[in-house]
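Have a look at the structure below before the remarks.
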Amino acid sequence: ATGGPAIPMKYGRVDAKDGSACPAPTSRGTAGNAGLPDAMAPFGCGAPDAATHLRNIFYRMGFDDEGIVALSGAHTLGRAFKERSGTVDNGYGDANATQYTKSACPVRHDGASGVGMAGGKSWTPNWLTFDNSYFQYLKRGADPDLIWFPTDEALHKDPKFKPYFDKFADSQPAFFEAYARAHKQLSELGSQFEPAGGFTLPGGAGGARKVANCFSFVTKCCSS
């Protein structure tokens with residue numbers, strides 16, 4: 001487990017019958033990525049800067065600036081790969097890894113060994129631990145072995161994003177609370193439920209799931 005907040009999930013989402021229900025690559029007014037945010041210019045939505053691009057992507061989903069910054073914090077986990085997004089020079093395997101993404105790196109929240117496939121480039125040194133380390137960028141300083149895209153930089157340079165970036169850097173509980181709300185909103189966005197109101201599972205917070213079990217969904221919406 002990676003740690004992180006418990007998210008009060010609602011279950012019962014109805015699956016799409018086939019691929020025709022999925023958005024076409026350019027159907028949401030952006031480049032060929034079905035409306036997901038780009039890591040850097042040129043931005044598919046035509047935005048002149050990264051902050052405007054993020055707002056173009058997420059405002060249409062009903063998120064405010066706090067929600068955008070909180071969801072961006074999901075990058076405390078995970079990596080980018082040359083062979084996938086092509087946004088970094090680091091590829092698969094130890095030979096192409098950074099000092100933080102080698103197979104022997106102690107990055108797991110549970111303290112156990114093993115990172116899955118080595119390689120790629122991460123946003124944080126402990127990229128298998130969900131905490132507020134993503135927001136420690138200004139305190140930690142630039143590191144050539146870590147990712148910091150223009151869409152990351154916008155969060156502490158844009159005057160309306162920055163208060164939330166600083167807030168989450170100073171308070172992990174504040175980040176967890178905001179992230180859990182934003183993740184729940186994103187997971188239910190545009191969904192149909194059966195029964196109509198969905199249902200919860202037994203357990204704390206209505207059958208809450210730890211963030212490690214939900215991260216793959218968010219990275220589809222927030223990663224590059």
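Going by the structure tokens order, chains are called A, B, ..., each with residues numbered from 1, while ligands are numbered from 1 in the order shown.
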Using only C-alpha atoms, find each residue of range 70-158 of chain A with at least one atom at most 7 Å away from an atom of range 37-60 of chain A; report its shortest atom-to-atom pair and that distance in Å (one decimal), sort the rows by chain and rising residue number, and return the result as JSON lines.
```
{"residue": "A:Phe149", "atom": "CA", "partner": "A:Ala39", "partner_atom": "CA", "distance": 5.9}
{"residue": "A:Pro150", "atom": "CA", "partner": "A:Met40", "partner_atom": "CA", "distance": 5.5}
{"residue": "A:Thr151", "atom": "CA", "partner": "A:Ala50", "partner_atom": "CA", "distance": 5.1}
{"residue": "A:Ala154", "atom": "CA", "partner": "A:Ala51", "partner_atom": "CA", "distance": 5.4}
{"residue": "A:Asp158", "atom": "CA", "partner": "A:Ala51", "partner_atom": "CA", "distance": 6.6}
```
Just to be explicit: take each residue in the selection above, keep N, CA, C and O atoms, and write the result as a CSV table (one decimal), in the first residue's frame.
```
chain,number,residue,atom,x,y,z
A,149,PHE,N,7.2,19.6,-15.0
A,149,PHE,CA,6.7,20.1,-16.3
A,149,PHE,C,6.1,21.5,-16.2
A,149,PHE,O,5.9,22.0,-15.0
A,150,PRO,N,5.9,22.2,-17.3
A,150,PRO,CA,5.3,23.5,-17.2
A,150,PRO,C,3.9,23.5,-16.5
A,150,PRO,O,3.6,24.5,-15.8
A,151,THR,N,3.2,22.4,-16.6
A,151,THR,CA,1.9,22.3,-15.9
A,151,THR,C,2.1,22.1,-14.4
A,151,THR,O,1.2,22.4,-13.6
A,154,ALA,N,3.2,25.8,-13.1
A,154,ALA,CA,2.1,26.7,-13.1
A,154,ALA,C,1.4,26.8,-11.7
A,154,ALA,O,0.9,27.8,-11.3
A,158,ASP,N,1.3,30.6,-10.8
A,158,ASP,CA,0.0,31.3,-11.0
A,158,ASP,C,-0.5,31.8,-9.7
A,158,ASP,O,-0.6,31.1,-8.7
```
| request: Determine, counting only C-alpha atoms, which protein, DNA and RNA residues have an atom within 7 Å of an atom of Phe193 in chain A; residues of the same chain fewer than 6 positions away are not included. Present the result as a PyMOL selection string. | output: chain A and resi 12-14
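The space between CA of Arg140 in chain A and CA of Trp123 in chain A spans 11.9 Å.
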| field | Counting only C-alpha atoms, the option among A:Lys157, A:Lys139, A:Lys102, A:Lys184 closest to Phe63 in chain A | value | A:Lys184
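Checking A:Gly91, A:Gly4, A:Gly62, A:Pro25 one by one against Gly190 in chain A, counting only C-alpha atoms, you find the shortest gap at A:Gly62.
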| field | Surrounding residues of Val88 in chain A excluding itself and chain neighbours under 4 positions, 12 Å, only C-alpha atoms, as a list of chain:residue names | value | A:Ala39, A:Met40, A:Arg79, A:Ala80, A:Phe81, A:Lys82, A:Glu83, A:Arg84, A:Tyr92, A:Asn96, A:Ala97, A:Thr98, A:Gly119, A:Gly120, A:Lys121, A:Ser122, A:Trp123, A:Pro144, A:Asp145, A:Leu146, A:Ile147, A:Trp148, A:Phe149, A:Ser224
